[in-house]
4 protein chains.
Amino acid sequence: MPDGTLGVALVGHSFMGATHSHAWRTAPRVADLPLGIDMAVVAGRDAGRAKAAAAQLGWRDSTDDWRSVLERDDVDLVDIVTPGDSHCDIAVAALEAGKHVLCEKPLANTVEEAQRMADAARAAATDGVLSMVGFNYRRVPAITLARRLVADGRLGEIRHVRAQYLQDWITDPEFPLVWRLQAERAGSGALGDIGAHIIDLSQFVTGSRITGLTGLTETFVKQRPLPAESAGLSAGAGADGATGEVTVDDAALFLTRFANGALGTFEATRFASGRKNAIRLEVNGSLGSIAFDFEQMNELWFHDHTLPAAEAGFRRIQTSEPDHPYAGLLVPARPRGGLRRGVRPPGRRPGG
Amino acid sequence: MPDGTLGVALVGHSFMGATHSHAWRTAPRVADLPLGIDMAVVAGRDAGRAKAAAAQLGWRDSTDDWRSVLERDDVDLVDIVTPGDSHCDIAVAALEAGKHVLCEKPLANTVEEAQRMADAARAAATDGVLSMVGFNYRRVPAITLARRLVADGRLGEIRHVRAQYLQDWITDPEFPLVWRLQAERAGSGALGDIGAHIIDLSQFVTGSRITGLTGLTETFVKQRPLPAESAGLSAGAGADGATGEVTVDDAALFLTRFANGALGTFEATRFASGRKNAIRLEVNGSLGSIAFDFEQMNELWFHDHTLPAAEAGFRRIQTSEPDHPYAGLLVPARPRGGLRRGVRPPGRRPGG
Amino acid sequence: MPDGTLGVALVGHSFMGATHSHAWRTAPRVADLPLGIDMAVVAGRDAGRAKAAAAQLGWRDSTDDWRSVLERDDVDLVDIVTPGDSHCDIAVAALEAGKHVLCEKPLANTVEEAQRMADAARAAATDGVLSMVGFNYRRVPAITLARRLVADGRLGEIRHVRAQYLQDWITDPEFPLVWRLQAERAGSGALGDIGAHIIDLSQFVTGSRITGLTGLTETFVKQRPLPAESAGLSAGAGADGATGEVTVDDAALFLTRFANGALGTFEATRFASGRKNAIRLEVNGSLGSIAFDFEQMNELWFHDHTLPAAEAGFRRIQTSEPDHPYAGLLVPARPRGGLRRGVRPPGRRPGG
Amino acid sequence: MPDGTLGVALVGHSFMGATHSHAWRTAPRVADLPLGIDMAVVAGRDAGRAKAAAAQLGWRDSTDDWRSVLERDDVDLVDIVTPGDSHCDIAVAALEAGKHVLCEKPLANTVEEAQRMADAARAAATDGVLSMVGFNYRRVPAITLARRLVADGRLGEIRHVRAQYLQDWITDPEFPLVWRLQAERAGSGALGDIGAHIIDLSQFVTGSRITGLTGLTETFVKQRPLPAESAGLSAGAGADGATGEVTVDDAALFLTRFANGALGTFEATRFASGRKNAIRLEVNGSLGSIAFDFEQMNELWFHDHTLPAAEAGFRRIQTSEPDHPYAGLLVPARPRGGLRRGVRPPGRRPGG
């Protein structure tokens with residue numbers, strides 16, 4: 001990491017690749033980072049598409065050989081945004097090459113792969129190599145604020161966690177058999193793709209781990225049309241009218257117990273018509289509750305159960321105030337007319 | 001008022017007549033009243049319809065002569081629910097007969113009539129005769145709670161009042177020319193029918209009077225079909241295809257100043273498509289704000305501006321808790337399993 | 001049932017007794033019923049309190065012997081609002097006496113009792129005797145409208161049912177050990193008291209039965225103070241400082257499959273701080289979704305998944321329009337100025 | 001504009017400067033633009049701070065002489081984000097130098113200045129020079145969608161416009177006398193700073209112009225502490241304890257008529273405790289209504305008044321679907337698993 005700059009390689013460049021590129025590009029402009037960011041190289045399976053992605057997304061270089069980025073001196077960190085079936089190979093190789101790793105979720109397609117990755121990360125950590133999984137929703141200001149309220153004891157003893165991740169993008173049975181619906185690429189369906197987020201968020205916010213569960217999964221639509229260009233399918237597929245088997249879950253439901261004694265209800269589905277990206281988390285404790293829905297991502301609802309009953313209720317905290325997490329970075333700030341540090345913010349009273 | 005019973009006469013028996021009947025019937029069953037209620041007699045213009053109304057709504061007797069109820073010993077109070085053009089005559093006569101008067105709003109069709117009624121009420125008051133105008137929304141628990149918060153100083157100095165009463169029942173130009181759209185019966189349109197409520201509520205909640213205003217009214221649909229049965233229209237009308245002139249306002253907008261220095265914006269309209277009975281009131285003060293919408297009538301939103309900014313926000317108070325106004329009377333209570341008086345209610349902590 | 005009148009006996013007269021009394025008193029005044037209602041007699045364990053209840057709630061007569069009401073010719077129907085441990089005896093006796101029965105939920109404290117009651121109801125039905133369980137929330141206009149939308153095929157194939165009944169009245173560990181927290185009286189805790197409602201509503205709205213489940217229950221607070229007057233407790237209890245064991249569940253969670261292939265998540269709890277009577281039901285189907293929360297009881301949310309994506313979304317239907325279930329009975333109507341039947345309602349266009 | 005690149009100069013670099021920089025940096029990466037963007041130079045009053053701003057915000061060059069950027073060949077467009085008192089001079093000079101101009105609102109501090117600017121823009125336009133005012137909220141997807149719905153006739157004849165811009169950042173009387181509270185710098189207070197936005201949005205969405213108005217302004221807090229560093233104040237100010245006069249409005253309220261016959265109510269205030277950046281716009285028409293609140297910026301509420309009344313209501317459109325304005329640019333997209341163009345989006349049915 002010479003000269004105060006972090007060199008980054010991105011492996012993969014579609015949906016999440018574009019999102020990560022936006023983050024790498026923006027972060028040093030809006031935050032005081034300890035290092036500069038060098039968007040060094042993007043890797044893809046196809047050289048031409050990787051080159052086009054570099055131009056569009058703002059990377060200095062491109063390659064069709066992800067292994068080559070591990071050799072580069074100008075790469076300090078490998079950011080993995082490929083489908084789950086390649087996470088393990090790339091991450092382990094990167095860690096062994098002494099590169100920091102940021103890997104998208106779900107971490108791996110099997111427990112065995114995940115274990116190998118965790119072992120590699122632990123080994124590399126002794127040399128100061130860092131590892132991170134892309135649970136991006138942790139940094140939504142409302143979520144970080146929720147975690148802070150729990151940690152400060154404002155919810156008391158946690159009794160209930162209620163978590164849902166609801167989408168509807170495959171309710172149409174004619175929606176094609178894309179890679180996210182194939183177990184060999186994606187590992188699982190709703191469970192790993194979106195269920196992973198609410199499992200993580202529930203533990204991140206409450207600070208407690210899931211200790212047991214009972215649950216079920218379901219695949220509502222079992223056959224789907226093959227995509228016209230069978231990207232990611234075995235050779236021979238893709239003829240018009242041809243269908244293939246959906247090998248992942250459409251929905252996953254489970255009940256859990258947490259180490260702190262709380263109960264959890266979880267639901268991840270791609271069949272909730274009308275719900276686009278509804279990540280809902282409600283936590284009830286003996287002294288208070290929080291509720292969140294990503295469809296109103298700039299709000300945290302907080303109920304202070306210690307207030308007089310006649311004036312208590314869930315309050316809608318707009319998480320864009322000066323004291324909120326990541327204030328001014330992620331959430332549009334309102335005009336403040338040059339408010340200097342040290343001036344009491346509006347609404348703050350001496351006795352408040 | 002002999003024997004601890006209040007004898008009531010109802011003059012009029014349609015929309016508001018049914019509502020008032022429900023109230024007279026229910027109040028003594030759900031509240032500890034100082035007097036019993038005797039639903040003595042209902043008066044209407046047509047003897048047959050008045051008799052049917054008495055049977056349906058639960059009145060002991062009926063008449064087609066409202067003046068006759070003023071002679072009855074078993075009538076202590078006259079409840080006036082007729083159109084505005086008869087309020088003055090009935091109310092003044094009742095007051096002069098020594099009967100208490102509850103009169104629906106708008107109080108009168110002209111300032112002159114209102115003045116006559118007020119004079120009669122003041123004169124009767126010296127003999128202990130009581131008068132009241134039917135501003136029923138004052139007793140919505142959320143509104144009474146809002147008034148209490150203002151009176152307790154929780155909002156500090158009042159800066160803004162924002163009041164709207166939005167309906168949409170005459171957006172269709174084919175909607176007929178009913179009596180509420182005729183100045184000679186109704187006095188005014190949206191202004192008196194629904195605007196009266198938000199004027200009253202704004203003053204009731206803030207405890208301050210309007211001292212000046214600027215405004216405008218509009219009639220969007222100026223001709224409407226005459227009703228098939230020309231109830232309330234001059235003879236000769238009612239032929240199919242015939243239309244008549246709308247002589248009241250469809251909408252009334254005004255800006256006000258209050259005695260306490262606050263500014264007010266008011267809007268009453270029957271042309272807000274999709275708004276059914278949206279009585280909205282927001283009050284902003286230096287220490288807090290309240291917001292209310294009758295479309296969620298069991299909720300008051302309260303913002304405590306003295307809380308730390310990071311955790312402040314409008315909270316949704318469900319006005320059905322034991323300490324709320326009229327708790328257990330108007331709002332369905334939840335099962336409490338025999339909770340005795342004296343037990344600390346849920347959410348109340350020793351230091352709360 | 002002579003003379004077009006239904007004679008009613010009420011057994012029990014506390015929380016639900018008052019509620020049922022209000023319903024019997026109001027129904028004939030606001031709806032066109034085929035029979036008149038005679039509120040004949042109320043029965044309680046204590047003669048004095050039963051007499052006081054009769055006076056307050058509007059019953060003609062009272063008794064401390066519920067069996068005596070089965071002998072009365074002026075009683076056609078027995079309305080049972082006692083704790084669950086007496087439901088079976090009263091209901092079976094009433095049915096055998098040829099009285100119609102309306103019994104509060106949960107139906108019984110054991111499956112055996114419920115079976116006995118069902119057998120008795122079936123036997124009596126051959127003589128035209130009717131039986132009904134008090135699942136009152138079915139008649140919330142929004143719920144009936146939801147059922148109608150499902151029945152009309154507007155939701156298509158049902159994929160998900162998401163049901164919660166959240167309360168918070170016993171979060172305080174000092175809340176006393178009332179009868180609802182004792183298994184011998186109440187049978188169960190959250191499961192039967194409130195879980196019963198969401199089980200019923202989910203089946204009522206979807207028209208499909210639960211065919212299997214997995215779940216768990218929990219009692220968070222296991223000891224509670226005995227009530228000062230040990231109503232419903234064994235003799236000797238009630239001394240200050242004494243506590244007793246909570247023998248029912250505080251929360252019940254379960255996952256289900258429905259006969260129609262849908263998946264269900266259910267949660268009933270009395271420990272959701274800040275949730276007062278949150279009965280939430282969401283149903284997702286291939287063509288649409290509905291969502292409901294009793295905390296906004298006059299609204300049904302409906303998503304029509306067949307609309308163009310650019311203008312689709314959950315719409316808030318205020319269930320107080322002329323075409324809504326029970327319009328004008330349960331929900332306050334807005335002024336309509338004499339709108340005659342046959343006039344097109346607002347918002348209805350010829351091509352609509 | 002050689003070589004398919006647009007060279008940009010930014011004049012000013014504080015609050016809106018950072019925001020515009022983010023936009024210039026991001027746009028070419030997320031959208032297919034006809035031109036590349038060259039962030040050529042940033043100008044400020046202080047050379048050191050301008051240089052630091054260039055480094056932080058990503059501009060190639062910096063200067064303390066805004067006039068110098070007019071001479072540069074690598075500058076095609078001048079983006080003006082200074083306080084209002086310098087808008088006219090900079091804009092007119094830039095236009096006369098043949099540079100395109102994007103000027104922040106409020107356009108000018110006086111009508112005379114605005115007129116001069118408009119004249120200059122018209123003159124320059126004959127040479128192909130473009131001018132634009134920074135009414136950024138027009139491009140909120142929900143606002144653009146609202147405009148489209150109106151233009152498509154979905155609202156019918158417009159009856160009402162209800163617009164509010166509510167903030168609370170100066171409710172504290174100890175908040176200092178920053179430049180936005182001084183008429184000589186800012187021109188006006190709430191009226192120009194935030195009122196300008198709702199005036200523009202109301203006309204942008206309805207496609208109709210305001211033709212007349214009545215209104216009032218108010219300054220609630222008339223004296224405020226001088227800032228410790230008297231940036232933007234006359235020399236000599238800034239001593240501790242010193243105060244100065246607030247010379248702009250804290251709130252502005254007005255009622256309007258539109259060319260299309262609609263009525264408007266407008267309110268802009270910085271004293272609405274608890275409202276952070278509440279830009280609310282509701283438009284009611286004969287066939288439908290829309291409602292928007294920037295505090296839930298990703299949602300447009302639409303009521304289709306032509307639907308059957310029993311199923312009509314305001315629907316919450318999440319403006320992140322493929323067919324929405326700026327889809328995928330401004331609003332986080334959800335995972336789509338490689339959905340190809342041409343595949344029917346979810347929720348679109350053949351007959352839909």
# chains A, B, ... in the order shown; residues from 1 in each chain; ligands from 1
call {"tool": "select_by_dssp", "arguments": {"residues": "range 77-149 of chain A", "states": "helix (DSSP H, G or I)", "output": "PyMOL selection string"}}
result
chain A and resi 84-96+111-125+136-139+141-149
call {"tool": "interface_residues", "arguments": {"of": "chain B", "to": "chain A", "cutoff": "10 Å", "atoms": "only C-alpha atoms", "output": "PyMOL selection string"}}
result
chain B and resi 145+149+286-288+299-325+345-352
call {"tool": "select_by_dssp", "arguments": {"residues": "range 181-266 of chain D", "states": "strand (DSSP E or B)", "output": "ChimeraX atom specification"}}
result
/D:210-218,223-225,243-245,251-258,263-266
call {"tool": "residues_around", "arguments": {"residues": "Val11 in chain A", "least_positions_apart": "2", "cutoff": "10 Å", "atoms": "only C-alpha atoms", "output": "list in words"}}
result
Val8, Ala9, His13, Ser14, Gly17, Val41, Val42, Ala43, Gly44, Arg45, Ala50, Ser62, Thr63, Asp64, Asp65, Trp66, Arg67, Val69, Val78, Asp79, Ile80, Val81, Thr82, His87, Ile90 and Cys103 of chain A
call {"tool": "residues_around", "arguments": {"residues": "range 193-196 of chain C", "least_positions_apart": "5", "cutoff": "8 Å", "atoms": "only C-alpha atoms", "output": "PyMOL selection string"}}
result
chain C and resi 105-106+165+188+252+266-269
call {"tool": "write_last_selection", "arguments": {"atoms": "N, CA, C and O atoms", "output": "PDB file, in the first residue's frame"}}
result
ATOM      1  N   LYS C 105     -63.945 -16.694  21.328  1.00  0.00           N
ATOM      2  CA  LYS C 105     -62.729 -17.460  21.095  1.00  0.00           C
ATOM      3  C   LYS C 105     -61.762 -17.187  22.241  1.00  0.00           C
ATOM      4  O   LYS C 105     -61.931 -16.152  22.908  1.00  0.00           O
ATOM      5  N   PRO C 106     -60.785 -18.018  22.515  1.00  0.00           N
ATOM      6  CA  PRO C 106     -60.612 -19.319  21.874  1.00  0.00           C
ATOM      7  C   PRO C 106     -61.745 -20.251  22.263  1.00  0.00           C
ATOM      8  O   PRO C 106     -62.206 -20.214  23.394  1.00  0.00           O
ATOM      9  N   TYR C 165     -49.964 -10.798  15.194  1.00  0.00           N
ATOM     10  CA  TYR C 165     -50.837 -10.127  16.165  1.00  0.00           C
ATOM     11  C   TYR C 165     -49.917  -9.711  17.308  1.00  0.00           C
ATOM     12  O   TYR C 165     -49.460 -10.548  18.083  1.00  0.00           O
ATOM     13  N   SER C 188     -54.489 -21.158  27.056  1.00  0.00           N
ATOM     14  CA  SER C 188     -53.167 -20.786  26.547  1.00  0.00           C
ATOM     15  C   SER C 188     -53.029 -19.275  26.666  1.00  0.00           C
ATOM     16  O   SER C 188     -53.931 -18.605  27.186  1.00  0.00           O
ATOM     17  N   ALA C 252     -46.102 -16.922  20.550  1.00  0.00           N
ATOM     18  CA  ALA C 252     -46.187 -18.155  19.762  1.00  0.00           C
ATOM     19  C   ALA C 252     -45.861 -17.821  18.316  1.00  0.00           C
ATOM     20  O   ALA C 252     -46.424 -16.874  17.753  1.00  0.00           O
ATOM     21  N   PHE C 266     -46.543 -16.905  10.988  1.00  0.00           N
ATOM     22  CA  PHE C 266     -47.462 -16.416  12.028  1.00  0.00           C
ATOM     23  C   PHE C 266     -46.673 -16.045  13.274  1.00  0.00           C
ATOM     24  O   PHE C 266     -45.744 -16.753  13.657  1.00  0.00           O
ATOM     25  N   GLU C 267     -47.113 -14.962  13.889  1.00  0.00           N
ATOM     26  CA  GLU C 267     -46.491 -14.556  15.132  1.00  0.00           C
ATOM     27  C   GLU C 267     -47.529 -13.872  16.007  1.00  0.00           C
ATOM     28  O   GLU C 267     -48.159 -12.904  15.594  1.00  0.00           O
ATOM     29  N   ALA C 268     -47.685 -14.398  17.214  1.00  0.00           N
ATOM     30  CA  ALA C 268     -48.595 -13.800  18.194  1.00  0.00           C
ATOM     31  C   ALA C 268     -47.787 -13.538  19.450  1.00  0.00           C
ATOM     32  O   ALA C 268     -47.153 -14.447  19.980  1.00  0.00           O
ATOM     33  N   THR C 269     -47.807 -12.297  19.912  1.00  0.00           N
ATOM     34  CA  THR C 269     -46.998 -11.979  21.090  1.00  0.00           C
ATOM     35  C   THR C 269     -47.613 -10.852  21.881  1.00  0.00           C
ATOM     36  O   THR C 269     -48.287  -9.985  21.319  1.00  0.00           O
TER      37      THR C 269
END
call {"tool": "residues_around", "arguments": {"residues": "Leu255 in chain D", "least_positions_apart": "6", "cutoff": "10 Å", "atoms": "only C-alpha atoms", "output": "ChimeraX atom specification"}}
result
/B:214-216,253-255,265 /D:161-162,210,212-216,263-267
call {"tool": "atom_distance", "arguments": {"atom1": "CA of Pro173 in chain C", "atom2": "CA of Val283 in chain A"}}
result
18.7 Å
call {"tool": "residues_around", "arguments": {"residues": "Glu157 in chain D", "least_positions_apart": "2", "cutoff": "7 Å", "atoms": "only C-alpha atoms", "output": "count of residues only"}}
result
4
call {"tool": "decode", "arguments": {"residues": "range 257-287 of chain D", "atoms": "C-alpha atoms", "output": "PDB file, in the first residue's frame"}}
result
ATOM      1  CA  ARG D 257     -54.671  30.978  -9.365  1.00  0.00           C
ATOM      2  CA  PHE D 258     -53.240  29.052 -12.312  1.00  0.00           C
ATOM      3  CA  ALA D 259     -53.880  29.676 -15.998  1.00  0.00           C
ATOM      4  CA  ASN D 260     -55.738  26.347 -16.209  1.00  0.00           C
ATOM      5  CA  GLY D 261     -58.248  27.407 -13.556  1.00  0.00           C
ATOM      6  CA  ALA D 262     -56.674  25.542 -10.663  1.00  0.00           C
ATOM      7  CA  LEU D 263     -56.191  27.029  -7.207  1.00  0.00           C
ATOM      8  CA  GLY D 264     -52.906  26.824  -5.347  1.00  0.00           C
ATOM      9  CA  THR D 265     -51.862  26.985  -1.708  1.00  0.00           C
ATOM     10  CA  PHE D 266     -48.168  27.514  -1.036  1.00  0.00           C
ATOM     11  CA  GLU D 267     -46.155  27.565   2.138  1.00  0.00           C
ATOM     12  CA  ALA D 268     -42.401  27.849   2.553  1.00  0.00           C
ATOM     13  CA  THR D 269     -40.974  27.981   6.042  1.00  0.00           C
ATOM     14  CA  ARG D 270     -37.851  27.339   8.057  1.00  0.00           C
ATOM     15  CA  PHE D 271     -39.848  27.095  11.302  1.00  0.00           C
ATOM     16  CA  ALA D 272     -41.685  23.789  10.927  1.00  0.00           C
ATOM     17  CA  SER D 273     -40.172  21.913  13.854  1.00  0.00           C
ATOM     18  CA  GLY D 274     -39.500  18.297  12.945  1.00  0.00           C
ATOM     19  CA  ARG D 275     -39.717  18.793   9.189  1.00  0.00           C
ATOM     20  CA  LYS D 276     -36.258  18.541   7.700  1.00  0.00           C
ATOM     21  CA  ASN D 277     -36.703  18.818   3.971  1.00  0.00           C
ATOM     22  CA  ALA D 278     -40.396  18.226   3.461  1.00  0.00           C
ATOM     23  CA  ILE D 279     -41.166  19.201  -0.110  1.00  0.00           C
ATOM     24  CA  ARG D 280     -44.782  18.267  -0.437  1.00  0.00           C
ATOM     25  CA  LEU D 281     -46.812  18.537  -3.576  1.00  0.00           C
ATOM     26  CA  GLU D 282     -50.372  17.383  -4.027  1.00  0.00           C
ATOM     27  CA  VAL D 283     -52.356  17.943  -7.204  1.00  0.00           C
ATOM     28  CA  ASN D 284     -56.064  17.088  -7.449  1.00  0.00           C
ATOM     29  CA  GLY D 285     -57.749  16.747 -10.793  1.00  0.00           C
ATOM     30  CA  SER D 286     -61.120  15.610 -12.041  1.00  0.00           C
ATOM     31  CA  LEU D 287     -59.792  12.156 -12.984  1.00  0.00           C
TER      32      LEU D 287
END
